[in-house]
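Colleague: Data file target-v6.txt (compact mmCIF, C-alpha atoms) is appended below.
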```
# COMPACT_ATOMS: atom_id res chain seq x y z
CA LEU A 4 93.12 87.39 82.18
CA ALA A 5 96.57 86.37 83.29
CA LYS A 6 96.93 82.86 84.62
CA THR A 7 99.61 81.40 86.85
CA THR A 8 100.86 77.84 87.05
CA GLN A 9 103.07 76.43 89.81
CA PRO A 10 103.92 72.84 90.70
CA ILE A 11 101.60 71.59 93.41
CA SER A 12 104.40 70.08 95.48
CA MET A 13 108.14 69.48 95.59
CA ASP A 14 110.49 67.49 97.81
CA SER A 15 114.14 68.12 98.48
CA TYR A 16 116.84 67.48 101.06
CA GLU A 17 118.66 69.70 103.49
CA GLY A 18 121.58 71.53 101.94
CA GLN A 19 120.24 71.35 98.39
CA GLU A 20 119.24 74.26 96.18
CA VAL A 21 115.53 74.35 95.36
CA ASN A 22 114.02 76.11 92.36
CA ILE A 23 110.29 76.73 92.10
CA THR A 24 108.95 78.11 88.83
CA CYS A 25 105.74 80.03 88.30
CA SER A 26 104.50 80.45 84.76
CA HIS A 27 102.44 83.55 84.12
CA ASN A 28 101.25 84.91 80.79
CA ASN A 29 99.91 88.38 79.99
CA ILE A 30 100.91 90.00 83.23
CA ALA A 31 100.74 93.75 83.72
CA THR A 32 103.60 95.37 81.86
CA ASN A 33 104.90 97.63 84.58
CA ASP A 34 104.26 95.40 87.54
CA TYR A 35 106.58 93.48 89.79
CA ILE A 36 106.37 89.75 90.44
CA THR A 37 106.27 88.84 94.10
CA TRP A 38 106.72 85.62 96.04
CA TYR A 39 105.35 84.74 99.45
CA GLN A 40 106.06 81.98 101.96
CA GLN A 41 103.45 80.46 104.24
CA PHE A 42 104.00 78.24 107.25
CA PRO A 43 101.17 76.16 108.73
CA SER A 44 98.67 78.16 110.79
CA GLN A 45 100.20 81.48 109.70
CA GLY A 46 99.46 84.04 107.05
CA PRO A 47 101.74 84.31 104.02
CA ARG A 48 104.74 86.58 104.28
CA PHE A 49 106.78 88.38 101.65
CA ILE A 50 110.00 86.72 100.48
CA ILE A 51 111.19 88.52 97.37
CA GLN A 52 110.08 90.50 94.35
CA GLY A 53 111.52 91.46 91.02
CA TYR A 54 110.77 92.99 87.65
CA LYS A 55 113.39 91.54 85.32
CA THR A 56 116.63 89.55 85.41
CA LYS A 57 117.85 88.48 88.81
CA VAL A 58 117.20 89.73 92.31
CA THR A 59 118.85 88.38 95.43
CA ASN A 60 118.23 89.02 99.09
CA GLU A 61 119.29 87.30 102.29
CA VAL A 62 116.66 84.61 101.88
CA ALA A 63 116.30 83.81 98.20
CA SER A 64 116.97 84.71 94.59
CA LEU A 65 114.43 85.41 91.90
CA PHE A 66 115.11 84.88 88.22
CA ILE A 67 112.86 86.54 85.67
CA PRO A 68 113.51 86.11 81.92
CA ALA A 69 113.20 89.00 79.50
CA ASP A 70 109.75 87.95 78.29
CA ARG A 71 108.49 87.87 81.92
CA LYS A 72 106.33 84.83 81.20
CA SER A 73 107.75 82.99 84.17
CA SER A 74 109.71 83.53 87.34
CA THR A 75 111.86 81.13 89.33
CA LEU A 76 112.30 81.33 93.06
CA SER A 77 115.61 79.87 94.15
CA LEU A 78 116.26 78.85 97.74
CA PRO A 79 119.94 78.09 98.33
CA ARG A 80 120.99 75.34 100.74
CA VAL A 81 117.55 74.66 102.16
CA SER A 82 116.96 73.54 105.72
CA LEU A 83 114.04 71.82 107.40
CA SER A 84 112.67 75.24 108.33
CA ASP A 85 112.13 76.04 104.64
CA THR A 86 109.30 73.52 104.57
CA ALA A 87 106.34 75.72 103.64
CA VAL A 88 103.98 76.67 100.85
CA TYR A 89 105.32 79.19 98.33
CA TYR A 90 103.06 81.45 96.27
CA CYS A 91 103.77 83.70 93.31
CA LEU A 92 101.73 86.85 92.85
CA VAL A 93 101.37 88.84 89.65
CA GLY A 94 99.05 91.52 88.39
CA ASP A 95 96.92 91.78 85.28
CA GLY A 96 95.10 94.61 83.59
CA GLY A 97 95.39 98.34 83.50
CA ASP A 98 94.37 101.07 85.89
CA SER A 99 90.63 100.50 85.44
CA ASN A 100 90.55 96.72 85.50
CA TYR A 101 93.61 95.68 87.48
CA GLN A 102 93.49 92.31 89.21
CA LEU A 103 95.82 90.45 91.54
CA ILE A 104 96.52 86.91 90.38
CA TRP A 105 97.84 84.46 92.97
CA GLY A 106 99.43 81.17 92.10
CA ALA A 107 97.86 78.10 93.67
CA GLY A 108 100.95 77.53 95.79
CA THR A 109 103.77 74.99 95.83
CA LYS A 110 104.10 72.86 98.92
CA LEU A 111 107.82 72.36 99.54
CA ILE A 112 108.87 69.57 101.87
CA ILE A 113 112.49 69.42 102.98
CA LYS A 114 113.75 66.10 104.25
CA PRO A 115 116.75 65.52 106.54
CA ASP B 990 105.52 92.58 112.20
CA ALA B 991 102.80 94.75 110.75
CA GLY B 992 100.04 95.52 113.24
CA ILE B 993 97.16 93.45 111.96
CA THR B 994 94.71 91.63 114.17
CA GLN B 995 91.75 89.49 113.27
CA SER B 996 88.81 88.61 115.46
CA PRO B 997 87.59 86.14 116.29
CA ARG B 998 90.44 83.73 115.67
CA HIS B 999 88.14 80.73 115.74
CA LYS B 1000 84.40 80.50 115.27
CA VAL B 1001 81.86 77.72 115.00
CA THR B 1002 78.45 78.67 113.73
CA GLU B 1003 75.36 77.10 112.24
CA THR B 1004 74.13 77.22 108.69
CA GLY B 1005 71.92 80.21 108.03
CA THR B 1006 73.32 82.47 110.72
CA PRO B 1007 75.07 85.74 109.95
CA VAL B 1008 78.75 85.98 110.83
CA THR B 1009 81.02 89.03 110.94
CA LEU B 1010 84.79 88.85 110.95
CA ARG B 1011 86.86 91.86 111.86
CA CYS B 1012 90.25 92.97 110.65
CA HIS B 1013 92.02 95.79 112.46
CA GLN B 1014 95.26 97.47 111.40
CA THR B 1015 97.47 100.02 113.09
CA GLU B 1016 99.61 100.81 110.01
CA ASN B 1017 97.33 103.36 108.34
CA HIS B 1018 97.61 101.42 105.07
CA ARG B 1019 95.22 102.32 102.31
CA TYR B 1020 94.42 98.85 100.97
CA MET B 1021 92.80 96.04 102.93
CA TYR B 1022 91.88 92.60 101.63
CA TRP B 1023 89.89 89.58 102.66
CA TYR B 1024 90.98 86.17 101.39
CA ARG B 1025 89.79 82.69 102.00
CA GLN B 1026 92.11 79.72 101.92
CA ASP B 1027 90.95 76.17 101.28
CA PRO B 1028 92.93 73.02 100.56
CA GLY B 1029 93.74 72.81 96.88
CA HIS B 1030 92.69 76.39 96.15
CA GLY B 1031 95.41 78.54 97.59
CA LEU B 1032 94.42 82.11 98.38
CA ARG B 1033 91.27 83.49 96.81
CA LEU B 1034 90.34 87.13 97.05
CA ILE B 1035 86.85 87.80 98.40
CA HIS B 1036 86.70 91.60 98.60
CA TYR B 1037 89.14 94.41 98.98
CA SER B 1038 89.05 98.05 100.01
CA TYR B 1039 91.06 100.97 98.69
CA GLY B 1040 89.85 103.51 101.20
CA VAL B 1041 87.09 104.34 103.65
CA LYS B 1042 83.78 103.33 102.10
CA ASP B 1043 85.60 102.23 98.91
CA THR B 1044 85.35 98.52 98.29
CA ASP B 1045 85.32 96.15 95.35
CA LYS B 1046 84.67 92.50 94.66
CA GLY B 1047 87.24 89.79 94.26
CA GLU B 1048 86.91 86.45 92.51
CA VAL B 1049 84.76 84.73 95.17
CA SER B 1050 82.51 87.49 96.51
CA ASP B 1051 79.12 85.74 96.34
CA GLY B 1052 77.62 85.33 99.80
CA TYR B 1053 79.95 87.90 101.36
CA SER B 1054 79.70 91.62 102.02
CA VAL B 1055 82.24 94.04 103.45
CA SER B 1056 82.35 97.42 105.06
CA ARG B 1057 85.06 99.90 105.87
CA SER B 1058 83.88 102.86 107.89
CA LYS B 1059 87.32 103.65 109.32
CA THR B 1060 90.79 103.35 107.86
CA GLU B 1061 91.79 100.81 110.47
CA ASP B 1062 88.84 98.41 110.30
CA PHE B 1063 87.60 96.14 107.53
CA LEU B 1064 84.64 93.91 108.27
CA LEU B 1065 83.65 90.77 106.38
CA THR B 1066 80.07 89.57 106.77
CA LEU B 1067 78.66 86.24 105.75
CA GLU B 1068 75.03 87.17 105.45
CA SER B 1069 73.72 83.61 105.82
CA ALA B 1070 76.54 81.20 106.46
CA THR B 1071 76.70 77.95 104.49
CA SER B 1072 78.89 74.90 104.95
CA SER B 1073 80.78 75.84 101.77
CA GLN B 1074 82.02 78.92 103.61
CA THR B 1075 83.91 76.80 106.13
CA SER B 1076 87.43 78.02 105.57
CA VAL B 1077 90.38 79.94 106.93
CA TYR B 1078 89.96 83.66 106.34
CA PHE B 1079 92.95 85.97 106.08
CA CYS B 1080 92.99 89.71 106.16
CA ALA B 1081 95.85 91.54 104.49
CA ILE B 1082 96.92 95.14 104.09
CA SER B 1083 99.12 97.03 101.66
CA GLU B 1084 100.33 100.56 101.78
CA SER B 1085 99.10 102.50 98.80
CA SER B 1086 98.88 101.03 95.30
CA GLY B 1087 97.23 97.64 95.61
CA ARG B 1088 99.59 96.30 92.95
CA ALA B 1089 101.31 92.92 92.98
CA GLY B 1090 104.63 94.64 93.55
CA GLU B 1091 103.45 96.20 96.81
CA THR B 1092 104.03 93.96 99.80
CA GLN B 1093 100.93 92.59 101.45
CA TYR B 1094 101.03 91.97 105.18
CA PHE B 1095 98.77 89.26 106.45
CA GLY B 1096 96.91 88.79 109.68
CA PRO B 1097 96.96 85.54 111.68
CA GLY B 1098 93.77 84.20 110.13
CA THR B 1099 90.32 83.21 111.37
CA ARG B 1100 89.21 79.58 111.27
CA LEU B 1101 85.49 79.40 110.57
CA LEU B 1102 83.48 76.22 110.79
CA VAL B 1103 79.89 76.28 109.56
CA LEU B 1104 77.86 73.29 110.74
```
Could you render the structure from this file as structure tokens?
Modeller:
Amino acid sequence: LAKTTQPISMDSYEGQEVNITCSHNNIATNDYITWYQQFPSQGPRFIIQGYKTKVTNEVASLFIPADRKSSTLSLPRVSLSDTAVYYCLVGDGGDSNYQLIWGAGTKLIIKP
Amino acid sequence: DAGITQSPRHKVTETGTPVTLRCHQTENHRYMYWYRQDPGHGLRLIHYSYGVKDTDKGEVSDGYSVSRSKTEDFLLTLESATSSQTSVYFCAISESSGRAGETQYFGPGTRLLVL
């Protein structure tokens, strides 16, 4: 069964770039890797997903190496409003035994 | 925002009583999920559904049952609530595949306290 590992917490300052890495072994071959953001008292919401290499949207970038054993969420020039918990989500197994595997979450605190 | 509502939003109950949480969606998505979230544990999948009357267990299904009699509603029942089931419960939906690459949309959550 695939397993994910994320740092429990990270601190940074406004204006800095923040990189959060999720390690995941044995993930489903044809599956995307997805990241979610969660603010207090809200449900998680989708930030970005990718399969390989680099993906960028208006909020973040996602770097995935060729072996797909990890993925790195990059938040450019963070602000106080980026303080949240960030989760990676991967899949494991085939059609008959597929499972969703959530990371435990990284609590990101941005300081002024 | 995806149309997902959860009811009740807050509930206090006593040990040993049955509790039912409701998730309602207006998106006609195929997959629906129930998660619980506790400090230090992130999101843990309780049960999920891939269609009407089609459900399966997640990693923490003991003590919980689910039912889906209509596309739009997914019920989570705690048959005999225990203090260990005090948690925040989130419902989520996804459109068609149930895969990690398919976006899940989450409801606002239900805070359950079992005394």
Colleague: Go through chain A residue by residue and, counting all atoms listed in the file, keep those with an atom at most 9 Å from chain B; for each kept residue give the shortest atom pair and its distance in Å to one decimal, ordered by chain and increasing number, as JSON lines.
Modeller:
```
{"residue": "A:Ile11", "atom": "CA", "partner": "B:Gly1029", "partner_atom": "CA", "distance": 8.7}
{"residue": "A:Asp34", "atom": "CA", "partner": "B:Gly1090", "partner_atom": "CA", "distance": 6.1}
{"residue": "A:Tyr35", "atom": "CA", "partner": "B:Gly1090", "partner_atom": "CA", "distance": 4.4}
{"residue": "A:Ile36", "atom": "CA", "partner": "B:Gly1090", "partner_atom": "CA", "distance": 6.1}
{"residue": "A:Thr37", "atom": "CA", "partner": "B:Gly1090", "partner_atom": "CA", "distance": 6.1}
{"residue": "A:Ser44", "atom": "CA", "partner": "B:Pro1097", "partner_atom": "CA", "distance": 7.6}
{"residue": "A:Gln45", "atom": "CA", "partner": "B:Pro1097", "partner_atom": "CA", "distance": 5.6}
{"residue": "A:Gly46", "atom": "CA", "partner": "B:Phe1095", "partner_atom": "CA", "distance": 5.3}
{"residue": "A:Pro47", "atom": "CA", "partner": "B:Phe1095", "partner_atom": "CA", "distance": 6.3}
{"residue": "A:Arg48", "atom": "CA", "partner": "B:Tyr1094", "partner_atom": "CA", "distance": 6.6}
{"residue": "A:Phe49", "atom": "CA", "partner": "B:Thr1092", "partner_atom": "CA", "distance": 6.5}
{"residue": "A:Gln52", "atom": "CA", "partner": "B:Gly1090", "partner_atom": "CA", "distance": 6.9}
{"residue": "A:Gly53", "atom": "CA", "partner": "B:Gly1090", "partner_atom": "CA", "distance": 8.0}
{"residue": "A:Tyr54", "atom": "CA", "partner": "B:Gly1090", "partner_atom": "CA", "distance": 8.7}
{"residue": "A:Tyr90", "atom": "CA", "partner": "B:Gly1031", "partner_atom": "CA", "distance": 8.3}
{"residue": "A:Leu92", "atom": "CA", "partner": "B:Ala1089", "partner_atom": "CA", "distance": 6.1}
{"residue": "A:Val93", "atom": "CA", "partner": "B:Ala1089", "partner_atom": "CA", "distance": 5.3}
{"residue": "A:Gly94", "atom": "CA", "partner": "B:Ala1089", "partner_atom": "CA", "distance": 5.3}
{"residue": "A:Asp95", "atom": "CA", "partner": "B:Ala1089", "partner_atom": "CA", "distance": 8.9}
{"residue": "A:Tyr101", "atom": "CA", "partner": "B:Arg1088", "partner_atom": "CA", "distance": 8.1}
{"residue": "A:Gln102", "atom": "CA", "partner": "B:Arg1088", "partner_atom": "CA", "distance": 8.2}
{"residue": "A:Leu103", "atom": "CA", "partner": "B:Ala1089", "partner_atom": "CA", "distance": 6.2}
{"residue": "A:Ile104", "atom": "CA", "partner": "B:Ala1089", "partner_atom": "CA", "distance": 8.1}
{"residue": "A:Trp105", "atom": "CA", "partner": "B:Leu1032", "partner_atom": "CA", "distance": 6.8}
{"residue": "A:Gly106", "atom": "CA", "partner": "B:Gly1031", "partner_atom": "CA", "distance": 7.3}
{"residue": "A:Ala107", "atom": "CA", "partner": "B:Gly1031", "partner_atom": "CA", "distance": 4.6}
{"residue": "A:Gly108", "atom": "CA", "partner": "B:Gly1031", "partner_atom": "CA", "distance": 5.9}
```
Colleague: Please produce a file of the residues just selected, as a PDB file, keeping the file's coordinate frame, where the atoms kept are C-alpha atoms.
Modeller:
```pdb
ATOM      1  CA  ILE A  11     101.600  71.590  93.410  1.00  0.00           C
ATOM      2  CA  ASP A  34     104.260  95.400  87.540  1.00  0.00           C
ATOM      3  CA  TYR A  35     106.580  93.480  89.790  1.00  0.00           C
ATOM      4  CA  ILE A  36     106.370  89.750  90.440  1.00  0.00           C
ATOM      5  CA  THR A  37     106.270  88.840  94.100  1.00  0.00           C
ATOM      6  CA  SER A  44      98.670  78.160 110.790  1.00  0.00           C
ATOM      7  CA  GLN A  45     100.200  81.480 109.700  1.00  0.00           C
ATOM      8  CA  GLY A  46      99.460  84.040 107.050  1.00  0.00           C
ATOM      9  CA  PRO A  47     101.740  84.310 104.020  1.00  0.00           C
ATOM     10  CA  ARG A  48     104.740  86.580 104.280  1.00  0.00           C
ATOM     11  CA  PHE A  49     106.780  88.380 101.650  1.00  0.00           C
ATOM     12  CA  GLN A  52     110.080  90.500  94.350  1.00  0.00           C
ATOM     13  CA  GLY A  53     111.520  91.460  91.020  1.00  0.00           C
ATOM     14  CA  TYR A  54     110.770  92.990  87.650  1.00  0.00           C
ATOM     15  CA  TYR A  90     103.060  81.450  96.270  1.00  0.00           C
ATOM     16  CA  LEU A  92     101.730  86.850  92.850  1.00  0.00           C
ATOM     17  CA  VAL A  93     101.370  88.840  89.650  1.00  0.00           C
ATOM     18  CA  GLY A  94      99.050  91.520  88.390  1.00  0.00           C
ATOM     19  CA  ASP A  95      96.920  91.780  85.280  1.00  0.00           C
ATOM     20  CA  TYR A 101      93.610  95.680  87.480  1.00  0.00           C
ATOM     21  CA  GLN A 102      93.490  92.310  89.210  1.00  0.00           C
ATOM     22  CA  LEU A 103      95.820  90.450  91.540  1.00  0.00           C
ATOM     23  CA  ILE A 104      96.520  86.910  90.380  1.00  0.00           C
ATOM     24  CA  TRP A 105      97.840  84.460  92.970  1.00  0.00           C
ATOM     25  CA  GLY A 106      99.430  81.170  92.100  1.00  0.00           C
ATOM     26  CA  ALA A 107      97.860  78.100  93.670  1.00  0.00           C
ATOM     27  CA  GLY A 108     100.950  77.530  95.790  1.00  0.00           C
TER      28      GLY A 108
END
```
Colleague: Can you work out which one of A:Asp98, A:Asp70, A:Glu17, A:Asp85 has the shortest atom-to-atom distance to Pro115 in chain A, counting all atoms listed in the file?
Modeller: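 Smallest distance to Pro115 in chain A is found for A:Glu17.
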Colleague: Which value, in Å to one decimal, gives the distance between CA of Leu1102 in chain B and CA of Gln1074 in chain B?
Modeller: 7.8 Å
Colleague: Excluding same-chain residues fewer than 6 positions from Arg1019 in chain B, what lies within 9 Å of it counting only C-alpha atoms, as a ChimeraX atom specification?
Modeller: /B:1038-1041,1060-1061,1082-1087
Colleague: Val58 in chain A: which residues within 12 Å, counting all atoms listed in the file, same-chain residues fewer than 3 positions away excluded, as a ChimeraX atom specification?
Modeller: /A:35-38,50-55,61-68,74-77
Colleague: Take the residues from that selection and put them in a file with C-alpha atoms, as a compact mmCIF listing (two decimals), keeping the file's coordinate frame.
Modeller:
```txt
# COMPACT_ATOMS: atom_id res chain seq x y z
CA TYR A 35 106.58 93.48 89.79
CA ILE A 36 106.37 89.75 90.44
CA THR A 37 106.27 88.84 94.10
CA TRP A 38 106.72 85.62 96.04
CA ILE A 50 110.00 86.72 100.48
CA ILE A 51 111.19 88.52 97.37
CA GLN A 52 110.08 90.50 94.35
CA GLY A 53 111.52 91.46 91.02
CA TYR A 54 110.77 92.99 87.65
CA LYS A 55 113.39 91.54 85.32
CA GLU A 61 119.29 87.30 102.29
CA VAL A 62 116.66 84.61 101.88
CA ALA A 63 116.30 83.81 98.20
CA SER A 64 116.97 84.71 94.59
CA LEU A 65 114.43 85.41 91.90
CA PHE A 66 115.11 84.88 88.22
CA ILE A 67 112.86 86.54 85.67
CA PRO A 68 113.51 86.11 81.92
CA SER A 74 109.71 83.53 87.34
CA THR A 75 111.86 81.13 89.33
CA LEU A 76 112.30 81.33 93.06
CA SER A 77 115.61 79.87 94.15
```
Colleague: Just the residues within 8 Å of Pro10 in chain A, please, counting all atoms listed in the file, with nothing from its chain fewer than 2 positions along; format it as an mmCIF file with C-alpha atoms, in the frame of the given file.
Modeller:
```cif
data_model
loop_
_atom_site.group_PDB
_atom_site.id
_atom_site.type_symbol
_atom_site.label_atom_id
_atom_site.label_comp_id
_atom_site.auth_asym_id
_atom_site.auth_seq_id
_atom_site.Cartn_x
_atom_site.Cartn_y
_atom_site.Cartn_z
ATOM 1 C CA THR A 8 100.860 77.840 87.050
ATOM 2 C CA SER A 12 104.400 70.080 95.480
ATOM 3 C CA MET A 13 108.140 69.480 95.590
ATOM 4 C CA ILE A 23 110.290 76.730 92.100
ATOM 5 C CA THR A 24 108.950 78.110 88.830
ATOM 6 C CA CYS A 25 105.740 80.030 88.300
ATOM 7 C CA GLY A 108 100.950 77.530 95.790
ATOM 8 C CA THR A 109 103.770 74.990 95.830
#
```
Colleague: Can you pull out the residues contacting range 1063-1073 of chain B? Cut-off 6 Å, using only C-alpha atoms, and skip same-chain residues under 2 positions away; I want them as a list in words.
Modeller: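 Near range 1063-1073 of chain B, the qualifying residues are Thr1004, Gly1005, Thr1006, Pro1007, Val1008, Thr1009, Leu1010, Arg1011, Cys1012, Tyr1053, Ser1054, Val1055, Ser1056, Arg1057, Thr1075 and Val1103 of chain B.
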Colleague: Could the residues in this selection be written to a file with C-alpha atoms, as a PDB file, in the frame of the given file?
Modeller:
```pdb
ATOM      1  CA  THR B1004      74.130  77.220 108.690  1.00  0.00           C
ATOM      2  CA  GLY B1005      71.920  80.210 108.030  1.00  0.00           C
ATOM      3  CA  THR B1006      73.320  82.470 110.720  1.00  0.00           C
ATOM      4  CA  PRO B1007      75.070  85.740 109.950  1.00  0.00           C
ATOM      5  CA  VAL B1008      78.750  85.980 110.830  1.00  0.00           C
ATOM      6  CA  THR B1009      81.020  89.030 110.940  1.00  0.00           C
ATOM      7  CA  LEU B1010      84.790  88.850 110.950  1.00  0.00           C
ATOM      8  CA  ARG B1011      86.860  91.860 111.860  1.00  0.00           C
ATOM      9  CA  CYS B1012      90.250  92.970 110.650  1.00  0.00           C
ATOM     10  CA  TYR B1053      79.950  87.900 101.360  1.00  0.00           C
ATOM     11  CA  SER B1054      79.700  91.620 102.020  1.00  0.00           C
ATOM     12  CA  VAL B1055      82.240  94.040 103.450  1.00  0.00           C
ATOM     13  CA  SER B1056      82.350  97.420 105.060  1.00  0.00           C
ATOM     14  CA  ARG B1057      85.060  99.900 105.870  1.00  0.00           C
ATOM     15  CA  THR B1075      83.910  76.800 106.130  1.00  0.00           C
ATOM     16  CA  VAL B1103      79.890  76.280 109.560  1.00  0.00           C
TER      17      VAL B1103
END
```
Colleague: In Å, with one decimal, what is the gap from CA of Val88 in chain A to CA of Ile113 in chain A?
Modeller: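 These two atoms are separated by 11.4 Å.
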Colleague: Could you work out how far CA of Asn33 in chain A lies from CA of Tyr1022 in chain B, giving the answer in Å with one decimal?
Modeller: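 Between CA of Tyr1022 in chain B and CA of Asn33 in chain A the gap works out to 22.0 Å.
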Colleague: With all atoms listed in the file as the atoms that count, which of A:Ile112, A:Ala87, A:Ala69, A:Leu78 lies nearest to Gln19 in chain A?
Modeller: A:Leu78
Colleague: Give the answer as one residue: which of B:Val1049, B:Tyr1020, B:His1013, B:Arg998 has the shortest atom-to-atom distance to Tyr1037 in chain B, using only C-alpha atoms?
Modeller: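 Smallest distance to Tyr1037 in chain B is found for B:Tyr1020.
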Colleague: Would you please work out which residue, of A:Asn60, A:Cys91, A:Phe42, A:Lys110, is nearest to His27 in chain A when using only C-alpha atoms?
Modeller: A:Cys91
